[in-house]
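Enquirer: Data: run-v4.cif, mmCIF, C-alpha atoms.
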data_work
#
loop_
_atom_site.group_PDB
_atom_site.id
_atom_site.type_symbol
_atom_site.label_atom_id
_atom_site.label_comp_id
_atom_site.auth_asym_id
_atom_site.auth_seq_id
_atom_site.Cartn_x
_atom_site.Cartn_y
_atom_site.Cartn_z
ATOM 1 C CA MET A 456 126.186 -58.927 -94.940
ATOM 2 C CA ARG A 457 127.854 -55.551 -95.109
ATOM 3 C CA ASN A 458 126.128 -52.704 -96.978
ATOM 4 C CA LYS A 459 127.617 -52.553 -100.489
ATOM 5 C CA ASN A 460 128.142 -48.794 -100.231
ATOM 6 C CA LEU A 461 130.708 -49.212 -97.446
ATOM 7 C CA PRO A 462 133.381 -48.150 -96.786
ATOM 8 C CA LEU A 463 132.806 -44.470 -97.553
ATOM 9 C CA THR A 464 135.588 -42.182 -98.691
ATOM 10 C CA GLU A 465 136.820 -39.615 -96.204
ATOM 11 C CA THR A 466 135.281 -36.882 -98.377
ATOM 12 C CA VAL A 467 131.818 -38.471 -98.375
ATOM 13 C CA TYR A 468 131.979 -39.234 -94.638
ATOM 14 C CA TYR A 469 132.802 -35.615 -93.810
ATOM 15 C CA ILE A 470 130.141 -34.226 -96.154
ATOM 16 C CA LEU A 471 127.427 -36.394 -94.567
ATOM 17 C CA LEU A 472 128.615 -35.380 -91.093
ATOM 18 C CA VAL A 473 128.576 -31.629 -91.691
ATOM 19 C CA LEU A 474 125.210 -31.826 -93.483
ATOM 20 C CA ASN A 475 123.550 -32.690 -90.182
ATOM 21 C CA GLN A 476 122.958 -28.955 -90.392
ATOM 22 C CA PRO A 477 121.754 -27.281 -93.611
ATOM 23 C CA LEU A 478 124.716 -25.896 -95.600
ATOM 24 C CA HIS A 479 125.534 -24.842 -99.151
ATOM 25 C CA GLY A 480 128.433 -26.429 -101.011
ATOM 26 C CA TYR A 481 131.091 -23.882 -100.072
ATOM 27 C CA GLY A 482 129.784 -23.795 -96.490
ATOM 28 C CA ALA A 483 130.391 -27.550 -96.321
ATOM 29 C CA ILE A 484 133.934 -27.095 -97.720
ATOM 30 C CA GLN A 485 134.736 -24.519 -95.021
ATOM 31 C CA GLU A 486 133.171 -26.552 -92.207
ATOM 32 C CA ILE A 487 135.123 -29.679 -93.190
ATOM 33 C CA ASP A 488 138.354 -27.668 -93.399
ATOM 34 C CA ARG A 489 137.706 -26.382 -89.872
ATOM 35 C CA LEU A 490 136.694 -29.739 -88.329
ATOM 36 C CA SER A 491 139.720 -31.525 -89.824
ATOM 37 C CA ASN A 492 142.119 -28.769 -88.681
ATOM 38 C CA GLY A 493 142.919 -27.996 -92.304
ATOM 39 C CA ASP A 494 143.808 -31.602 -93.223
ATOM 40 C CA VAL A 495 140.837 -32.157 -95.538
ATOM 41 C CA LYS A 496 140.509 -29.463 -98.157
ATOM 42 C CA ILE A 497 137.814 -30.401 -100.668
ATOM 43 C CA ALA A 498 138.085 -28.560 -103.990
ATOM 44 C CA ALA A 499 135.023 -27.075 -105.709
ATOM 45 C CA GLY A 500 134.791 -29.610 -108.553
ATOM 46 C CA THR A 501 135.164 -32.539 -106.178
ATOM 47 C CA MET A 502 132.482 -31.122 -103.869
ATOM 48 C CA TYR A 503 130.097 -30.523 -106.768
ATOM 49 C CA GLY A 504 130.490 -34.102 -108.031
ATOM 50 C CA ALA A 505 130.093 -35.532 -104.515
ATOM 51 C CA ILE A 506 126.883 -33.555 -103.901
ATOM 52 C CA GLU A 507 125.430 -34.718 -107.237
ATOM 53 C CA ASN A 508 126.233 -38.308 -106.332
ATOM 54 C CA LEU A 509 124.813 -38.061 -102.798
ATOM 55 C CA LEU A 510 121.605 -36.516 -104.146
ATOM 56 C CA LYS A 511 121.293 -39.435 -106.576
ATOM 57 C CA LEU A 512 121.769 -41.904 -103.702
ATOM 58 C CA ARG A 513 119.189 -39.884 -101.701
ATOM 59 C CA TRP A 514 121.548 -39.647 -98.748
ATOM 60 C CA ILE A 515 121.155 -35.863 -98.816
ATOM 61 C CA LYS A 516 118.337 -33.642 -100.082
ATOM 62 C CA GLU A 517 118.000 -30.062 -101.200
ATOM 63 C CA VAL A 518 116.266 -27.777 -98.708
ATOM 64 C CA PRO A 519 114.867 -24.261 -99.313
ATOM 65 C CA SER A 520 117.546 -21.569 -99.560
ATOM 66 C CA GLN A 521 117.329 -17.811 -98.885
ATOM 67 C CA ASP A 522 120.090 -17.221 -101.400
ATOM 68 C CA LYS A 523 119.081 -17.857 -105.025
ATOM 69 C CA ARG A 524 122.688 -18.382 -106.071
ATOM 70 C CA ARG A 525 123.527 -21.087 -103.542
ATOM 71 C CA ARG A 526 121.633 -24.330 -103.101
ATOM 72 C CA VAL A 527 121.399 -25.692 -99.579
ATOM 73 C CA TYR A 528 121.507 -29.369 -98.624
ATOM 74 C CA GLN A 529 120.824 -31.517 -95.582
ATOM 75 C CA ILE A 530 121.264 -35.196 -94.682
ATOM 76 C CA THR A 531 118.278 -37.596 -95.069
ATOM 77 C CA GLU A 532 117.261 -40.590 -92.919
ATOM 78 C CA ASP A 533 119.014 -42.895 -95.426
ATOM 79 C CA GLY A 534 122.120 -40.751 -95.085
ATOM 80 C CA LYS A 535 121.995 -40.946 -91.305
ATOM 81 C CA ASN A 536 121.675 -44.748 -91.466
ATOM 82 C CA ILE A 537 124.702 -45.098 -93.700
ATOM 83 C CA LEU A 538 126.684 -42.737 -91.482
ATOM 84 C CA GLU A 539 125.743 -44.887 -88.475
ATOM 85 C CA LEU A 540 126.839 -48.094 -90.226
ATOM 86 C CA GLU A 541 130.128 -46.556 -91.353
ATOM 87 C CA THR A 542 130.856 -45.239 -87.867
ATOM 88 C CA GLN A 543 130.292 -48.724 -86.415
ATOM 89 C CA ARG A 544 132.579 -50.213 -89.048
ATOM 90 C CA MET A 545 135.357 -47.780 -88.158
ATOM 91 C CA GLN A 546 134.877 -48.309 -84.416
ATOM 92 C CA GLN A 547 135.265 -52.040 -84.988
ATOM 93 C CA LEU A 548 138.417 -51.350 -86.976
ATOM 94 C CA VAL A 549 139.855 -49.197 -84.183
ATOM 95 C CA LYS A 550 138.985 -51.891 -81.602
ATOM 96 C CA VAL A 551 140.959 -54.455 -83.584
ATOM 97 C CA ALA A 552 143.873 -52.034 -83.963
ATOM 98 C CA ASN A 553 143.851 -51.421 -80.198
ATOM 99 C CA LYS A 554 144.293 -55.166 -79.583
ATOM 100 C CA PHE A 555 147.473 -54.986 -81.623
ATOM 101 C CA GLY A 556 148.687 -52.202 -79.400
ATOM 102 C CA TYR A 557 148.017 -49.311 -81.784
ATOM 103 C CA MET B 540 145.784 -9.447 -126.681
ATOM 104 C CA MET B 541 146.967 -12.617 -128.320
ATOM 105 C CA LYS B 542 144.688 -14.995 -130.211
ATOM 106 C CA ARG B 543 145.580 -18.627 -130.824
ATOM 107 C CA PHE B 544 143.752 -21.271 -132.833
ATOM 108 C CA LYS B 545 144.330 -24.815 -131.667
ATOM 109 C CA LEU B 546 142.625 -28.212 -131.712
ATOM 110 C CA PHE B 547 143.062 -30.741 -128.925
ATOM 111 C CA LEU B 548 142.286 -34.421 -128.638
ATOM 112 C CA SER B 549 142.103 -34.515 -124.852
ATOM 113 C CA LEU B 550 141.211 -32.281 -121.902
ATOM 114 C CA ASN B 551 144.635 -32.949 -120.361
ATOM 115 C CA THR B 552 146.608 -31.664 -123.349
ATOM 116 C CA GLU B 553 144.299 -28.648 -123.668
ATOM 117 C CA GLU B 554 144.692 -27.750 -119.994
ATOM 118 C CA LYS B 555 148.477 -28.226 -120.128
ATOM 119 C CA TRP B 556 148.797 -26.026 -123.212
ATOM 120 C CA ILE B 557 146.704 -23.206 -121.705
ATOM 121 C CA ASN B 558 148.867 -23.245 -118.561
ATOM 122 C CA LEU B 559 152.105 -23.348 -120.575
ATOM 123 C CA VAL B 560 151.022 -20.218 -122.479
ATOM 124 C CA GLN B 561 149.977 -18.545 -119.223
ATOM 125 C CA GLU B 562 153.381 -19.324 -117.669
ATOM 126 C CA THR B 563 155.035 -17.131 -120.284
ATOM 127 C CA GLY B 564 153.247 -14.119 -118.818
ATOM 128 C CA TYR B 565 149.680 -14.334 -120.090
ATOM 129 C CA ARG B 566 146.198 -14.847 -118.739
ATOM 130 C CA LEU B 567 143.423 -16.648 -120.633
ATOM 131 C CA VAL B 568 140.540 -14.181 -121.015
ATOM 132 C CA LYS B 569 138.250 -15.691 -123.653
ATOM 133 C CA VAL B 570 137.541 -19.034 -125.302
ATOM 134 C CA ASN B 571 135.514 -19.557 -128.449
ATOM 135 C CA PRO B 572 134.756 -23.295 -128.376
ATOM 136 C CA PHE B 573 133.189 -23.317 -131.854
ATOM 137 C CA LEU B 574 136.105 -21.705 -133.678
ATOM 138 C CA HIS B 575 138.668 -23.110 -131.188
ATOM 139 C CA ILE B 576 140.148 -19.658 -130.624
ATOM 140 C CA TYR B 577 141.797 -18.872 -127.300
ATOM 141 C CA THR B 578 142.366 -15.224 -126.375
ATOM 142 C CA PHE B 579 145.146 -14.365 -123.928
ATOM 143 C CA GLU B 580 145.980 -11.044 -122.303
ATOM 144 C CA LYS B 581 149.544 -10.079 -121.409
ATOM 145 C CA LEU B 582 150.181 -9.649 -117.688
ATOM 146 C CA ASN B 583 151.126 -6.083 -116.779
ATOM 147 C CA SER B 584 154.307 -6.866 -114.921
ATOM 148 C CA LYS B 585 156.363 -9.775 -113.656
ATOM 149 C CA ALA B 586 154.798 -9.237 -110.220
ATOM 150 C CA ASP B 587 151.291 -9.772 -111.624
ATOM 151 C CA PHE B 588 149.598 -12.930 -110.373
ATOM 152 C CA ASN B 589 150.157 -15.774 -112.820
ATOM 153 C CA PRO B 590 147.043 -17.974 -112.593
ATOM 154 C CA TYR B 591 146.295 -21.614 -113.324
ATOM 155 C CA THR B 592 143.329 -22.430 -115.540
ATOM 156 C CA ARG B 593 141.479 -25.743 -115.059
ATOM 157 C CA ILE B 594 138.837 -27.445 -117.178
ATOM 158 C CA ASP B 595 135.668 -29.168 -116.026
ATOM 159 C CA PHE B 596 133.419 -30.885 -118.568
ATOM 160 C CA HIS B 597 129.669 -31.566 -118.668
ATOM 161 C CA ASN B 598 127.762 -33.588 -121.234
ATOM 162 C CA GLU B 599 124.321 -32.712 -119.908
ATOM 163 C CA ASN B 600 122.219 -29.562 -119.711
ATOM 164 C CA MET B 601 121.876 -27.862 -116.355
ATOM 165 C CA SER B 602 118.930 -25.656 -115.355
ATOM 166 C CA THR B 603 119.741 -21.950 -114.989
ATOM 167 C CA GLY B 604 119.471 -22.217 -111.201
ATOM 168 C CA LYS B 605 121.694 -25.269 -111.001
ATOM 169 C CA TYR B 606 124.343 -23.694 -113.222
ATOM 170 C CA LEU B 607 124.303 -20.505 -111.160
ATOM 171 C CA ASP B 608 124.834 -22.590 -108.008
ATOM 172 C CA TYR B 609 127.679 -24.479 -109.705
ATOM 173 C CA VAL B 610 129.491 -21.329 -110.858
ATOM 174 C CA THR B 611 128.907 -19.614 -107.492
ATOM 175 C CA MET B 612 130.455 -22.528 -105.574
ATOM 176 C CA PHE B 613 133.561 -22.312 -107.772
ATOM 177 C CA SER B 614 133.635 -18.544 -107.335
ATOM 178 C CA ASP B 615 133.340 -18.877 -103.533
ATOM 179 C CA SER B 616 136.275 -21.316 -103.673
ATOM 180 C CA GLY B 617 138.505 -18.894 -105.581
ATOM 181 C CA TRP B 618 137.778 -19.813 -109.222
ATOM 182 C CA LYS B 619 136.556 -17.366 -111.849
ATOM 183 C CA LEU B 620 134.647 -18.743 -114.859
ATOM 184 C CA VAL B 621 136.477 -17.711 -118.052
ATOM 185 C CA TYR B 622 134.105 -19.543 -120.366
ATOM 186 C CA GLY B 623 131.345 -22.086 -119.874
ATOM 187 C CA SER B 624 127.764 -22.847 -120.775
ATOM 188 C CA ARG B 625 124.936 -24.457 -118.856
ATOM 189 C CA HIS B 626 124.226 -26.452 -122.015
ATOM 190 C CA GLY B 627 127.375 -28.471 -121.427
ATOM 191 C CA GLY B 628 130.864 -28.722 -122.856
ATOM 192 C CA ALA B 629 134.134 -27.524 -121.364
ATOM 193 C CA GLN B 630 134.007 -25.095 -118.433
ATOM 194 C CA TYR B 631 137.169 -23.017 -118.028
ATOM 195 C CA PHE B 632 137.948 -21.857 -114.488
ATOM 196 C CA GLN B 633 140.838 -19.595 -113.549
ATOM 197 C CA GLN B 634 142.424 -18.912 -110.155
ATOM 198 C CA LYS B 635 141.316 -15.523 -108.834
ATOM 199 C CA ASP B 636 144.426 -14.880 -106.747
ATOM 200 C CA ALA B 637 147.379 -16.511 -105.028
ATOM 201 C CA GLN B 638 145.122 -17.756 -102.201
ATOM 202 C CA SER B 639 143.078 -19.913 -104.607
ATOM 203 C CA PRO B 640 143.715 -23.667 -104.475
ATOM 204 C CA ARG B 641 145.888 -25.095 -107.258
ATOM 205 C CA ASP B 642 143.231 -27.389 -108.689
ATOM 206 C CA ILE B 643 139.445 -27.614 -108.962
ATOM 207 C CA PHE B 644 139.661 -31.289 -107.940
ATOM 208 C CA SER B 645 141.158 -32.560 -104.711
ATOM 209 C CA ASP B 646 141.334 -36.264 -105.539
ATOM 210 C CA SER B 647 142.204 -38.204 -108.679
ATOM 211 C CA GLU B 648 138.878 -40.028 -108.820
ATOM 212 C CA SER B 649 136.848 -36.837 -109.132
ATOM 213 C CA LYS B 650 139.429 -35.330 -111.513
ATOM 214 C CA ASN B 651 138.798 -38.300 -113.809
ATOM 215 C CA LEU B 652 135.010 -37.899 -113.947
ATOM 216 C CA PRO B 653 134.936 -34.982 -116.440
ATOM 217 C CA ARG B 654 137.517 -36.828 -118.554
ATOM 218 C CA LYS B 655 135.254 -39.887 -118.649
ATOM 219 C CA ARG B 656 132.296 -37.695 -119.617
ATOM 220 C CA PHE B 657 134.419 -36.167 -122.393
ATOM 221 C CA THR B 658 135.244 -39.650 -123.773
ATOM 222 C CA ASN B 659 131.542 -40.605 -123.786
ATOM 223 C CA PHE B 660 130.669 -37.346 -125.512
ATOM 224 C CA ALA B 661 133.339 -37.960 -128.185
ATOM 225 C CA ILE B 662 132.104 -41.527 -128.786
ATOM 226 C CA THR B 663 128.529 -40.277 -129.235
ATOM 227 C CA TYR B 664 129.602 -37.691 -131.804
ATOM 228 C CA ALA B 665 131.865 -40.158 -133.633
ATOM 229 C CA ILE B 666 128.923 -42.569 -133.987
ATOM 230 C CA LEU B 667 126.667 -39.741 -135.158
ATOM 231 C CA PHE B 668 129.051 -38.561 -137.890
ATOM 232 C CA PHE B 669 129.971 -42.071 -139.044
ATOM 233 C CA THR B 670 126.267 -42.948 -139.248
ATOM 234 C CA ASP B 671 125.644 -39.957 -141.525
ATOM 235 C CA PHE B 672 128.667 -40.949 -143.556
ATOM 236 C CA PHE B 673 127.528 -44.533 -144.073
ATOM 237 C CA VAL B 674 123.946 -43.504 -144.781
ATOM 238 C CA LEU B 675 125.221 -41.345 -147.646
ATOM 239 C CA ILE B 676 127.303 -44.229 -149.005
ATOM 240 C CA GLN B 677 124.488 -46.760 -148.631
ATOM 241 C CA ALA B 678 122.063 -44.462 -150.395
ATOM 242 C CA GLY B 679 124.448 -44.501 -153.340
ATOM 243 C CA TYR B 680 124.812 -40.729 -153.188
ATOM 244 C CA PHE B 681 128.521 -40.767 -153.346
ATOM 245 C CA ASN B 682 131.239 -42.028 -155.537
ATOM 246 C CA TRP B 683 134.941 -41.374 -154.888
ATOM 247 C CA LYS B 684 135.571 -40.953 -158.653
ATOM 248 C CA ASN B 685 133.242 -37.951 -158.798
ATOM 249 C CA LEU B 686 134.670 -36.127 -155.835
ATOM 250 C CA PHE B 687 136.432 -33.399 -157.826
ATOM 251 C CA ASP B 688 134.083 -33.484 -160.836
ATOM 252 C CA PHE B 689 131.807 -30.589 -159.948
ATOM 253 C CA LYS B 690 129.245 -31.276 -162.701
ATOM 254 C CA SER B 691 128.784 -34.870 -161.681
ATOM 255 C CA TRP B 692 127.423 -33.791 -158.288
ATOM 256 C CA TYR B 693 124.198 -32.740 -160.040
ATOM 257 C CA LEU B 694 121.792 -35.473 -161.110
ATOM 258 C CA THR B 695 119.016 -33.466 -162.791
ATOM 259 C CA PRO B 696 118.743 -34.801 -166.373
ATOM 260 C CA GLY B 697 119.880 -32.272 -168.965
ATOM 261 C CA LEU B 698 120.723 -29.651 -166.323
ATOM 262 C CA TRP B 699 123.868 -28.451 -168.069
ATOM 263 C CA ASN B 700 121.982 -27.878 -171.322
ATOM 264 C CA MET B 701 119.332 -25.661 -169.749
ATOM 265 C CA GLN B 702 119.335 -21.877 -170.269
ATOM 266 C CA GLY B 703 118.607 -18.714 -168.283
ATOM 267 C CA SER B 704 116.230 -18.737 -165.346
ATOM 268 C CA VAL B 705 115.206 -22.339 -165.971
ATOM 269 C CA PHE B 706 118.814 -23.364 -165.490
ATOM 270 C CA TRP B 707 119.313 -21.221 -162.368
ATOM 271 C CA ARG B 708 116.171 -22.453 -160.734
ATOM 272 C CA ALA B 709 117.067 -26.095 -161.292
ATOM 273 C CA PHE B 710 120.701 -25.440 -160.362
ATOM 274 C CA LEU B 711 119.943 -23.684 -157.090
ATOM 275 C CA PHE B 712 117.286 -26.214 -156.203
ATOM 276 C CA GLU B 713 119.708 -29.083 -156.475
ATOM 277 C CA THR B 714 122.749 -27.372 -154.939
ATOM 278 C CA PRO B 715 121.999 -28.356 -151.313
ATOM 279 C CA PHE B 716 121.625 -31.994 -152.370
ATOM 280 C CA ALA B 717 124.770 -31.824 -154.465
ATOM 281 C CA LEU B 718 126.722 -30.471 -151.502
ATOM 282 C CA LEU B 719 125.302 -33.192 -149.296
ATOM 283 C CA ARG B 720 126.614 -35.771 -151.746
ATOM 284 C CA SER B 721 130.110 -34.317 -151.944
ATOM 285 C CA VAL B 722 131.384 -31.768 -149.428
ATOM 286 C CA PHE B 723 129.263 -32.923 -146.503
ATOM 287 C CA PHE B 724 130.205 -36.482 -147.197
ATOM 288 C CA LEU B 725 133.866 -35.625 -146.607
ATOM 289 C CA PHE B 726 132.960 -33.354 -143.698
ATOM 290 C CA PHE B 727 131.125 -36.200 -141.960
ATOM 291 C CA LEU B 728 134.051 -38.527 -142.542
ATOM 292 C CA ALA B 729 136.585 -35.997 -141.203
ATOM 293 C CA MET B 730 134.463 -35.201 -138.146
ATOM 294 C CA GLY B 731 133.919 -38.908 -137.465
ATOM 295 C CA ILE B 732 137.678 -39.492 -137.491
ATOM 296 C CA TYR B 733 138.330 -36.365 -135.367
ATOM 297 C CA TYR B 734 135.901 -37.512 -132.667
ATOM 298 C CA ILE B 735 137.067 -41.116 -132.670
ATOM 299 C CA LEU B 736 140.642 -39.827 -132.126
ATOM 300 C CA LYS B 737 139.389 -37.693 -129.238
ATOM 301 C CA ALA B 738 137.678 -40.711 -127.694
ATOM 302 C CA ILE B 739 140.874 -42.789 -128.005
ATOM 303 C CA VAL B 740 143.419 -40.190 -126.800
ATOM 304 C CA ASN B 741 141.261 -38.856 -123.973
ATOM 305 C CA GLY B 742 140.225 -42.395 -123.043
ATOM 306 C CA ASN B 743 143.915 -43.299 -122.735
ATOM 307 C CA ASP B 744 144.443 -40.407 -120.283
ATOM 308 C CA VAL B 745 141.634 -41.770 -118.126
ATOM 309 C CA ARG B 746 143.098 -45.283 -118.225
ATOM 310 C CA ASP B 747 146.654 -44.112 -117.496
ATOM 311 C CA SER B 748 145.574 -42.156 -114.453
ATOM 312 C CA ALA B 749 143.590 -45.185 -113.210
ATOM 313 C CA VAL B 750 146.757 -47.322 -113.493
ATOM 314 C CA ASN B 751 148.904 -44.698 -111.746
ATOM 315 C CA ASN B 752 146.551 -44.591 -108.792
ATOM 316 C CA LYS B 753 146.580 -48.314 -108.185
#
With the file now loaded, output its structure as structure tokens.
Expert:
Amino acid sequence: MRNKNLPLTETVYYILLVLNQPLHGYGAIQEIDRLSNGDVKIAAGTMYGAIENLLKLRWIKEVPSQDKRRRVYQITEDGKNILELETQRMQQLVKVANKFGY
Amino acid sequence: MMKRFKLFLSLNTEEKWINLVQETGYRLVKVNPFLHIYTFEKLNSKADFNPYTRIDFHNENMSTGKYLDYVTMFSDSGWKLVYGSRHGGAQYFQQKDAQSPRDIFSDSESKNLPRKRFTNFAITYAILFFTDFFVLIQAGYFNWKNLFDFKSWYLTPGLWNMQGSVFWRAFLFETPFALLRSVFFLFFLAMGIYYILKAIVNGNDVRDSAVNNK
């Protein structure tokens, strides 16, 4: 049976991806903007809420930060597993679409 | 400087009003959430940047470190905190310049979260005030007939026949209880109604936006 947390939103998928390296919230916003060629611009309030939620799910964790004013986060093993599952789900979806000539 | 007193039943109407005032050439510079007074400053010239102000809402305490991180992330993203407290309540953020994004939320689901928290907060306070109200009624401390009869608020036998310091001592001793039976009774009722209206109006905003997104 499929994991009940799937599918992920585009925002959550990108956040988990970029947190393969330790980043603070605004760092993640900038990295996602860059990787998506400016298509995905996550606003501050949305990022804050997403981080809170991902911490609760234990898909990301806080790691020590040099800068007292900015907390730094990184993906956990649980987060990597969910990212793997979601990537497989999307690959399957693309495979089906290909069969239809898309 | 321009000061305005205003009460709002929902975060949406509050945010809209602030931005309407700002559009006429002002910038929100201070909010007093206890007295509901909003202070605006006139922009110097027509060319001055005319900012948007957006409201986030928390119903839980944040640690000092967490709140600093929260405010810093908004600041990094182009939003200056006009008023807010780590102990919760509305957090007012204003665009720093024309490069700032137009909103502090980039999808409707996350924009709805503070509105849901606001509804829950209003329900909690409505229950609190109505509980106080009904406790006072149940305890038999209040009677509508006596509302405007000042002397009837005091229950000490023979109080109004006492003299001098004996009278004042008894009078002052009972005053807090007398107020509790009369003024506070109405205050609790009014606050209960105010918060239940907030819960309903703000709750409707949340529901409407959920319908619009379907």
Enquirer: Counting all atoms listed in the file, figure out which residue out of B:Ile594, B:Val745, B:Ile735, B:Leu728 gets nearest to chain A.
Expert: B:Ile594
Enquirer: In Å, with one decimal, what is the gap from atom CA of Tyr591 of chain B to atom CA of Lys569 of chain B?
Expert: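 Atom-to-atom, atom CA of Tyr591 of chain B and atom CA of Lys569 of chain B are spaced 14.4 Å apart.
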Enquirer: Quick one: which residues end up in the PyMOL selection byres ((chain B) within 6 of (chain A)) for this structure, as a ChimeraX atom specification?
Expert: /B:607-608,612-613,643-645,649
Enquirer: Those selected residues, please, written with C-alpha atoms and delivered as an mmCIF file, keeping the file's coordinate frame.
Expert:
data_model
loop_
_atom_site.group_PDB
_atom_site.id
_atom_site.type_symbol
_atom_site.label_atom_id
_atom_site.label_comp_id
_atom_site.auth_asym_id
_atom_site.auth_seq_id
_atom_site.Cartn_x
_atom_site.Cartn_y
_atom_site.Cartn_z
ATOM 1 C CA LEU B 607 124.303 -20.505 -111.160
ATOM 2 C CA ASP B 608 124.834 -22.590 -108.008
ATOM 3 C CA MET B 612 130.455 -22.528 -105.574
ATOM 4 C CA PHE B 613 133.561 -22.312 -107.772
ATOM 5 C CA ILE B 643 139.445 -27.614 -108.962
ATOM 6 C CA PHE B 644 139.661 -31.289 -107.940
ATOM 7 C CA SER B 645 141.158 -32.560 -104.711
ATOM 8 C CA SER B 649 136.848 -36.837 -109.132
#
Enquirer: Just so the selection is clear, what residues does the PyMOL selection byres ((chain B and resi 721-724) around 7) cover here, as a PDB file with C-alpha atoms, in the frame of the given file?
Expert:
ATOM      1  CA  PHE B 672     128.667 -40.949-143.556  1.00  0.00           C
ATOM      2  CA  LEU B 675     125.221 -41.345-147.646  1.00  0.00           C
ATOM      3  CA  PHE B 681     128.521 -40.767-153.346  1.00  0.00           C
ATOM      4  CA  LEU B 686     134.670 -36.127-155.835  1.00  0.00           C
ATOM      5  CA  TRP B 692     127.423 -33.791-158.288  1.00  0.00           C
ATOM      6  CA  ALA B 717     124.770 -31.824-154.465  1.00  0.00           C
ATOM      7  CA  LEU B 718     126.722 -30.471-151.502  1.00  0.00           C
ATOM      8  CA  LEU B 719     125.302 -33.192-149.296  1.00  0.00           C
ATOM      9  CA  ARG B 720     126.614 -35.771-151.746  1.00  0.00           C
ATOM     10  CA  LEU B 725     133.866 -35.625-146.607  1.00  0.00           C
ATOM     11  CA  PHE B 726     132.960 -33.354-143.698  1.00  0.00           C
ATOM     12  CA  PHE B 727     131.125 -36.200-141.960  1.00  0.00           C
ATOM     13  CA  LEU B 728     134.051 -38.527-142.542  1.00  0.00           C
TER      14      LEU B 728
END
Enquirer: Please measure the separation of atom CA of Gln529 of chain A and atom CA of Asp494 of chain A, giving the value in Å to one decimal.
Expert: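 Separating atom CA of Gln529 of chain A from atom CA of Asp494 of chain A is a distance of 23.1 Å.
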Enquirer: If you apply the PyMOL selection byres ((chain A and resi 468-477) around 6) to this file, what residues do you get, as a VMD selection string?
Expert: chain A and resid 465 to 467 478 528 to 530
